[in-house]
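Here the structure comes first, spelled out in structure tokens, and everything after it is commentary.
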Amino acid sequence: MDHDIVHMRLTIWLTIATLCAVIVFAAFPFLDLRISTLFFSGQAGDWVGRSPNFMFWRDVLRHGGEAFAVVTFLIFLGNVLIGTTQQTGWRVWAFIWGNTLACAGLLVNGILKTWLGRARPDGVLEFGGTQTFTPAFQLSNQCFKNCSFSSGEAALIASVVLPVCVLLWPQLTRRGKIVCAVVAAFLIIATAAMRMAAGRHFLSDTTMSILFAALTTLVLYRLLAIGEHRHVLGLRPVVSDVSAILEHSRIYGGRWLVMLIRRGLKTAVLLQAWAAKEKMRLSQRRSDVALD
């Protein structure tokens with residue numbers, strides 16, 4: 001009951017915060033330009049966050065988040081295949097990689113960045129570009145691929161960090177919770193700041209991605225019943241499960257590899273036969289057209 005009340009309160013406050021952010025960025029679009037100006041050096045393409053040091057740490061955070069999501073997916077897959085002998089189960093791992101897929105993968109990169117068409121800061125006229133600035137949430141034709149709204153990397157880091165904090169929170173001491181909150185805030189804010197400093201995202205892009213990640217975290221927390229299962233996540237259970245997965249992989253990996261190779265070869269033969277058949281059909285059509 002306590003978990004339900006906390007979850008409900010967090011959902012209400014987070015929904016209110018998201019609506020407030022939408023209203024603020026829609027009513028005062030100049031905020032995005034003002035904040036981006038702080039990182040612009042005055043010449044086209046010259047942004048504070050494009051130094052080698054900034055780019056190095058940006059890559060570390062990005063690739064680290066991607067790698068962590070992939071590892072959690074592999075552990076999830078291993079737990080599902082092995083079954084009831086696993087100590088952590090599949091839910092806690094699905095919570096992490098599922099949140100990354102839902103937020104950073106589907107919502108942000110799959111829908112928003114593809115369809116809204118918002119130009120990036122380094123591409124708009126105000127910062128030496130050729131495109132027109134448009135407010136957040138507004139449909140635009142200034143960009144057609146990998147656009148500005150919203151930030152994929154901010155969504156990635158937030159959608160990985162927030163579930164981890166949720167899973168670890170009950171097992172931490174008071175000091176541990178403070179450290180966890182500080183580290184999580186630092187990683188998320190640092191990622192957002194580096195993307196803005198590089199001229200690749202506006203403040204609204206990064207802010208909304210973080211809020212989206214928090215919302216999907218709350219949704220999956222409820223759907224996967226994480227409140228009833230997150231206590232199983234500890235160092236010993238994780239090490240035990242990973243060891244069991246590696247052992248099963250060693251035993252059955254060869255069989256699976258042979259099976260995949262056989263299926264791949266069979267598929268390749270079928271595709272080759274289909275391609276030859278289509279080629280003959282096309283040649284026949286051309287011959288018929290030439291005769292006519």
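Scheme for the structure tokens: letters A, B, ... for chains in order shown; per-chain residue numbers from 1; ligand numbers from 1 in order shown.
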
TODO: Would you kindly return, as a PyMOL selection string, each protein, DNA or RNA residue with an atom no farther than 12 Å from any atom of Leu172 of chain A, considering only C-alpha atoms and excluding same-chain residues fewer than 5 positions away?
DONE: chain A and resi 165-167+177-181+231+233-234

Open item on the list: Excluding Pro29 of chain A and its own-chain neighbours fewer than 2 positions away, which residues fall within 9 Å of it when counting only C-alpha atoms? Please give them as a PyMOL selection string.
Closed with: chain A and resi 24-27+31-33+134-136+204

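For the choices A:Glu153, A:Asp4, A:Asp241, A:Asp122, the atom-to-atom distance to Val48 of chain A is smallest for A:Asp122 when using only C-alpha atoms.
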
Task: Trp115 of chain A surroundings by only C-alpha atoms, 8 Å radius, close-in-sequence under 3 positions cut, as a VMD selection string - done: chain A and resid 111 to 112 139 144

Applying 10 Å and only C-alpha atoms, which residues near Leu107 of chain A remain after dropping the ones on its own chain fewer than 5 positions away? List them as a PDB file with N, CA, C and O atoms, in the first residue's frame.
ATOM      1  N   THR A 100      14.598   1.827 -21.687  1.00  0.00           N
ATOM      2  CA  THR A 100      15.443   2.422 -22.720  1.00  0.00           C
ATOM      3  C   THR A 100      14.809   2.266 -24.092  1.00  0.00           C
ATOM      4  O   THR A 100      14.802   3.204 -24.896  1.00  0.00           O
ATOM      5  N   LEU A 101      14.261   1.088 -24.357  1.00  0.00           N
ATOM      6  CA  LEU A 101      13.613   0.850 -25.647  1.00  0.00           C
ATOM      7  C   LEU A 101      12.376   1.722 -25.810  1.00  0.00           C
ATOM      8  O   LEU A 101      12.176   2.338 -26.866  1.00  0.00           O
ATOM      9  N   ALA A 102      11.547   1.789 -24.764  1.00  0.00           N
ATOM     10  CA  ALA A 102      10.294   2.525 -24.856  1.00  0.00           C
ATOM     11  C   ALA A 102      10.515   4.026 -25.010  1.00  0.00           C
ATOM     12  O   ALA A 102       9.876   4.681 -25.839  1.00  0.00           O
ATOM     13  N   LEU A 112       9.308  11.210 -32.163  1.00  0.00           N
ATOM     14  CA  LEU A 112       9.497  12.660 -32.065  1.00  0.00           C
ATOM     15  C   LEU A 112      10.583  13.178 -33.010  1.00  0.00           C
ATOM     16  O   LEU A 112      10.361  14.129 -33.773  1.00  0.00           O
ATOM     17  N   LYS A 113      11.770  12.589 -32.972  1.00  0.00           N
ATOM     18  CA  LYS A 113      12.875  13.076 -33.804  1.00  0.00           C
ATOM     19  C   LYS A 113      12.611  12.842 -35.295  1.00  0.00           C
ATOM     20  O   LYS A 113      13.177  13.525 -36.146  1.00  0.00           O
ATOM     21  N   THR A 114      11.761  11.886 -35.586  1.00  0.00           N
ATOM     22  CA  THR A 114      11.479  11.554 -36.983  1.00  0.00           C
ATOM     23  C   THR A 114      10.401  12.437 -37.582  1.00  0.00           C
ATOM     24  O   THR A 114      10.488  12.825 -38.760  1.00  0.00           O
ATOM     25  N   SER A 150      13.057  15.267 -29.542  1.00  0.00           N
ATOM     26  CA  SER A 150      13.785  15.727 -28.367  1.00  0.00           C
ATOM     27  C   SER A 150      15.139  15.028 -28.325  1.00  0.00           C
ATOM     28  O   SER A 150      15.492  14.348 -29.288  1.00  0.00           O
ATOM     29  N   GLY A 152      17.893  12.467 -27.941  1.00  0.00           N
ATOM     30  CA  GLY A 152      18.018  11.023 -27.824  1.00  0.00           C
ATOM     31  C   GLY A 152      18.995  10.609 -26.743  1.00  0.00           C
ATOM     32  O   GLY A 152      18.773   9.627 -26.018  1.00  0.00           O
ATOM     33  N   ALA A 155      17.577  11.211 -23.272  1.00  0.00           N
ATOM     34  CA  ALA A 155      16.592  10.163 -23.007  1.00  0.00           C
ATOM     35  C   ALA A 155      17.278   8.843 -22.696  1.00  0.00           C
ATOM     36  O   ALA A 155      16.844   8.095 -21.807  1.00  0.00           O
ATOM     37  N   SER A 209      13.043  15.250 -22.787  1.00  0.00           N
ATOM     38  CA  SER A 209      13.516  13.864 -22.853  1.00  0.00           C
ATOM     39  C   SER A 209      13.668  13.277 -21.450  1.00  0.00           C
ATOM     40  O   SER A 209      13.321  12.114 -21.210  1.00  0.00           O
ATOM     41  N   PHE A 212      10.199  12.626 -20.139  1.00  0.00           N
ATOM     42  CA  PHE A 212       9.641  11.441 -20.806  1.00  0.00           C
ATOM     43  C   PHE A 212      10.210  10.157 -20.192  1.00  0.00           C
ATOM     44  O   PHE A 212       9.486   9.181 -19.984  1.00  0.00           O
ATOM     45  N   ALA A 213      11.521  10.162 -19.934  1.00  0.00           N
ATOM     46  CA  ALA A 213      12.159   8.983 -19.341  1.00  0.00           C
ATOM     47  C   ALA A 213      11.599   8.697 -17.949  1.00  0.00           C
ATOM     48  O   ALA A 213      11.390   7.530 -17.578  1.00  0.00           O
ATOM     49  N   THR A 216       8.023   7.150 -18.434  1.00  0.00           N
ATOM     50  CA  THR A 216       8.047   5.740 -18.851  1.00  0.00           C
ATOM     51  C   THR A 216       8.555   4.846 -17.722  1.00  0.00           C
ATOM     52  O   THR A 216       8.128   3.695 -17.607  1.00  0.00           O
TER      53      THR A 216
END

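Proximity to Ile226 of chain A at 10 Å, evaluated using only C-alpha atoms and with sequence-adjacent residues fewer than 5 positions away removed, yields A:Arg91, A:Val92, A:Ala94, A:Phe95, A:Pro163, A:Val166, A:Leu167, A:Leu218, A:Leu220, A:Tyr221, A:His231.
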
Open item on the list: So, with only C-alpha atoms as the atoms that count, which of A:Ser51, A:Ala21, A:Ala69, A:Gly89 lies closest to Ser240 of chain A?
Closed with: A:Gly89

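Distance check against Thr37 of chain A using only C-alpha atoms: of A:Phe127, A:Arg58, A:Gln171, A:Phe68, the minimum falls on A:Phe127.
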
- [ ] Just the strand (DSSP E or B) stuff from segment 17-232 of chain A, please, per backbone DSSP, written as a list in words.
- [x]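 Result set for segment 17-232 of chain A (strand (DSSP E or B)): Phe40, Trp47, Val124 and Gln131 of chain A.
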
Save the residues we just selected, C-alpha atoms, as a PDB file, in the first residue's frame?
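The file below, part34.pdb, is the result:
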ATOM      1  CA  PHE A  40      27.649  29.882 -28.826  1.00  0.00           C
ATOM      2  CA  TRP A  47      30.322  25.990 -29.886  1.00  0.00           C
ATOM      3  CA  VAL A 124      19.189  27.835 -37.348  1.00  0.00           C
ATOM      4  CA  GLN A 131      17.184  26.881 -41.135  1.00  0.00           C
TER       5      GLN A 131
END

- [ ] Using backbone DSSP assignments, extract all helix (DSSP H, G or I) residues from segment 88-146 of chain A; output them as a ChimeraX atom specification.
- [x] /A:91-115,121-123,125-127
